[in-house]
Structure formats: structure tokens, C-alpha cells
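Below is one structure, written out as C-alpha cells; comments come after it.
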Amino acid sequence: MNIQKHASFEKIAGRKSVPEKEAKPARLKPPAGSEKISNKDYEKELHKLQVELCYLQDWVRETGARVVVVCEGRDTAGKGGLIKRLTERVSPRTFRIVALTSPTEREKSMLYLQRYIPHFPAAGEVVIFDRSWYNRAGVESVMGYASKKEVENFLRNVPHFENWLVEQGIVLIKLWLEVGKKEQDRRFAKRIEDPLRQWKLSPMDLKSYSRWYEYSRARDAMFEATSQDAAPWWVIVSDDKKRARLNGIKHILSQIPYKRIKRDKVELSKRSNKHRYNDKIDVTKVKLVKEVY
């Protein structure tokens, strides 16, 4: 497959001001810093943030808090990488990832939000949606899987649904990861060539690739209709994956009023020698895995 090259994500630094009547919407700034963060600095900062995530986990369990994190964005924007770093040092029983497949025929007959609600958190849980009910405003709208009327109804009603979630005490954090054309091309090319990444390249990605501006318009309409004080959209510029991951985790932590829970120091009890015997495995009764390494 030939990957078409596009202009890079534009920077706003140094742009001249324009008269008020001609003013254009503010554009996203590139990631802070002109150089990529070093692996050493990245791992150091990531460790600090993941320690804080463990403190957050303790607080969520202790207080019975309910947290929903919605991760949306363009293909290759880095949603999976952010979610992996969010969850790799915490319990999957507390931090749950929800990544739903295409709806079944039965699910298509349900109320649109019905298939998502069973996955919402109970007390003491954080649920991370790797794509969410906003499929209706994005891929379903652009690819024609939902009618114009269905999309309009969704955009009109989902703010009421999210207001209700917040009123019920759920902490709702909506993240949009934004990647530029040039960087998306580079990542798609890697997915095509690298066997370790090819599983990420779905048929839908290939169909969606050529519709950049259709997705941009769908994104803009979604922000306009559903970004509100109770549940705003937070945008992460993700051309630099490492910075995006750190900024994303840092932001999530900043949106939750957690405190470090004091714990009594754990001490291991003395092992009992009662019923002591030679407990080495009898290798004649089992098969051993060959030690290649």
C-alpha cells in the first residue's frame, strides 16, 4: 500500500495577529520542548506517575469512588499506548479496560448506550474506555453506519446523559488524542512493515485513512455539541508519544481529588515447619519446559 504524504501538523508559534473580525479558532500547539524526551527521563517520570496511580488506586478502593476515562482520537493517535502505561502497574480488578467489538445484531436493536452501561464502574473501580459511545459521532458518522438523524440525536442527547453520570458522583474524564497527518503517515507505514505492529492495522483503518477531513469535521461537530463544563473534552497532542503518555497520566491524576492512604507497615509472619517434608517437585511425574535461555 502506498502511503500519501501530507503537510506536517502546523505550529502556531510566531504567527501574526489578525483583525478581530478575521480571527480564526485557536490551533493546537506542538508538544512542549523542541527535542524528544530521552528514554532515561521518560522512564523516570513515568515511574513517578505510576506510583501516583497506585496511590490513586488505594484511594479509589478506600472511598468507593467511581471513575470513567474515555480515550478517543484518530487512528494511530496513541490511545493504546497511553492505556497500557495507565494500567500496567495497577490491579486489573480496579482499573478495567473496556474495548468493545462491533455490535451484534441483538446489540444493534438496543438503545444505543445500552451496550456500554453494563461496563460502567461499581464502587472502587476505574473504567477506561478504549473508544466509547463516541463511535457514533466518529466512525459511524463518517463511514455511514449511522444516519444523519441518528448522529444528530446522539449529539443532542449525550450531554444530558453525561450530566446525569456526573450528578450521580461518577468522575468522567474525556480525552482526545490528536495526531498530525505526517506523523499518522509514519505510524501507518510502520504498521504495514513491522510484524509486531501489523495486528493494529484493521480493515477499518484502511477504509478510514483517506477521509482525514471528514473525520476532522466529525470531531469538530462532536466537540461543539458535547464539550461542556460538567464533562469537557481534554485534547492531548500526541505526535510525540512519550510526552503524550506522561501528559495524559498527569492530567488524569489532576482531575481526581485523591489522597495517599496511610497503610500499616506489612510484616511477614514466621513460616511454620509443621508437616515439614521434602517438597521438591518429582520431575518423573511432570514434564519440564526446556531451558533455552
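Identifiers for the C-alpha cells are assigned positionally: chains receive A, B, ... in sequence, residues are indexed from 1 per chain, and ligands are indexed from 1 in the order shown.
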
Worksheet item: Which residues come within 12 Å of A:Met143, counting only C-alpha atoms, excluding same-chain residues fewer than 5 positions away, as a list of chain:residue names?
Response: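 The contact residues come out as A:Asn135, A:Arg136, A:Ala137, A:Gly138, A:Lys148, A:Val151, A:Met204, A:Asp205, A:Leu206, A:Lys207, A:Ser208, A:Tyr209, A:Ser210, A:Arg211, A:Trp212, A:Glu214, A:Tyr215, A:Ala218.
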
Discussion item. So that I can check the secondary structure, give me every residue of stretch 208-267 of chain A assigned alpha helix (DSSP H) by backbone DSSP, as a VMD selection string.
Written reply: chain A and resid 208 212 to 226 241 to 254

Expected file: the selected residues, C-alpha atoms, as a compact mmCIF listing (two decimals), in the first residue's frame:
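Dumped to result34.txt:
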```
# COMPACT_ATOMS: atom_id res chain seq x y z
CA SER A 208 -10.82 5.47 7.07
CA TRP A 212 -8.98 12.83 7.00
CA TYR A 213 -11.13 15.95 6.67
CA GLU A 214 -14.39 14.06 7.11
CA TYR A 215 -13.08 12.86 10.46
CA SER A 216 -11.91 16.39 11.27
CA ARG A 217 -15.40 17.77 10.65
CA ALA A 218 -16.96 14.97 12.72
CA ARG A 219 -14.51 15.75 15.54
CA ASP A 220 -15.31 19.46 15.41
CA ALA A 221 -19.07 18.80 15.50
CA MET A 222 -18.57 16.43 18.44
CA PHE A 223 -16.57 18.99 20.41
CA GLU A 224 -19.11 21.70 19.66
CA ALA A 225 -22.04 19.62 20.88
CA THR A 226 -20.59 17.62 23.77
CA LYS A 241 4.06 9.51 22.09
CA LYS A 242 6.20 9.65 25.21
CA ARG A 243 5.22 13.20 26.09
CA ALA A 244 1.58 12.40 25.31
CA ARG A 245 1.60 9.45 27.71
CA LEU A 246 3.16 11.47 30.51
CA ASN A 247 0.86 14.45 29.93
CA GLY A 248 -2.18 12.18 29.74
CA ILE A 249 -1.47 10.37 33.01
CA LYS A 250 -0.55 13.63 34.75
CA HIS A 251 -3.82 15.19 33.61
CA ILE A 252 -5.95 12.26 34.76
CA LEU A 253 -4.33 12.41 38.18
CA SER A 254 -5.01 16.17 38.33
```

Fill in: Between atom CA of A:Lys259 and atom CA of A:Trp59, distance in Å (one decimal)
6.3 Å

Check which residues of stretch 109-209 of chain A sit at most 12 Å from stretch 61-71 of chain A using only C-alpha atoms, and return one row each with the closest pair of atoms and their distance in Å to one decimal, ordered by chain and rising number, as a Markdown table.
```
| residue | atom | partner | partner_atom | distance |
| --- | --- | --- | --- | --- |
| A:Tyr116 | CA | A:Val68 | CA | 11.6 |
| A:Ile117 | CA | A:Val68 | CA | 11.3 |
| A:His119 | CA | A:Val68 | CA | 10.0 |
| A:Phe120 | CA | A:Val68 | CA | 7.4 |
| A:Pro121 | CA | A:Arg66 | CA | 5.7 |
| A:Ala122 | CA | A:Arg66 | CA | 6.3 |
| A:Ala123 | CA | A:Gly64 | CA | 4.3 |
| A:Gly124 | CA | A:Gly64 | CA | 4.1 |
| A:Glu125 | CA | A:Arg66 | CA | 5.4 |
| A:Val126 | CA | A:Val67 | CA | 4.6 |
| A:Val127 | CA | A:Val68 | CA | 5.0 |
| A:Ile128 | CA | A:Val69 | CA | 4.7 |
| A:Phe129 | CA | A:Val70 | CA | 4.9 |
| A:Asp130 | CA | A:Cys71 | CA | 5.4 |
| A:Arg131 | CA | A:Cys71 | CA | 5.7 |
| A:Ser132 | CA | A:Val70 | CA | 6.6 |
| A:Trp133 | CA | A:Val70 | CA | 9.1 |
| A:Tyr134 | CA | A:Val70 | CA | 9.0 |
| A:Asn135 | CA | A:Cys71 | CA | 11.1 |
| A:Glu162 | CA | A:Val68 | CA | 10.7 |
| A:Leu165 | CA | A:Val68 | CA | 9.6 |
| A:Val166 | CA | A:Val67 | CA | 9.9 |
| A:Gln168 | CA | A:Arg66 | CA | 9.7 |
| A:Gly169 | CA | A:Arg66 | CA | 7.3 |
| A:Ile170 | CA | A:Arg66 | CA | 5.1 |
| A:Val171 | CA | A:Val67 | CA | 4.6 |
| A:Leu172 | CA | A:Val68 | CA | 4.9 |
| A:Ile173 | CA | A:Val69 | CA | 4.8 |
| A:Lys174 | CA | A:Val70 | CA | 4.7 |
| A:Leu175 | CA | A:Cys71 | CA | 5.0 |
| A:Trp176 | CA | A:Cys71 | CA | 6.2 |
| A:Leu177 | CA | A:Cys71 | CA | 7.6 |
| A:Glu178 | CA | A:Cys71 | CA | 11.1 |
```

Applying 8 Å and only C-alpha atoms, which residues near A:Gln184 remain after dropping the ones on its own chain fewer than 6 positions away? List them as a PDB file with C-alpha atoms, in the first residue's frame.
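See out22.pdb below for the written result:
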```
ATOM      1  CA  ASP A  75      -6.263   6.121  14.229  1.00  0.00           C
ATOM      2  CA  THR A  76      -2.621   5.713  15.390  1.00  0.00           C
ATOM      3  CA  ALA A  77      -3.003   8.615  17.849  1.00  0.00           C
TER       4      ALA A  77
END
```
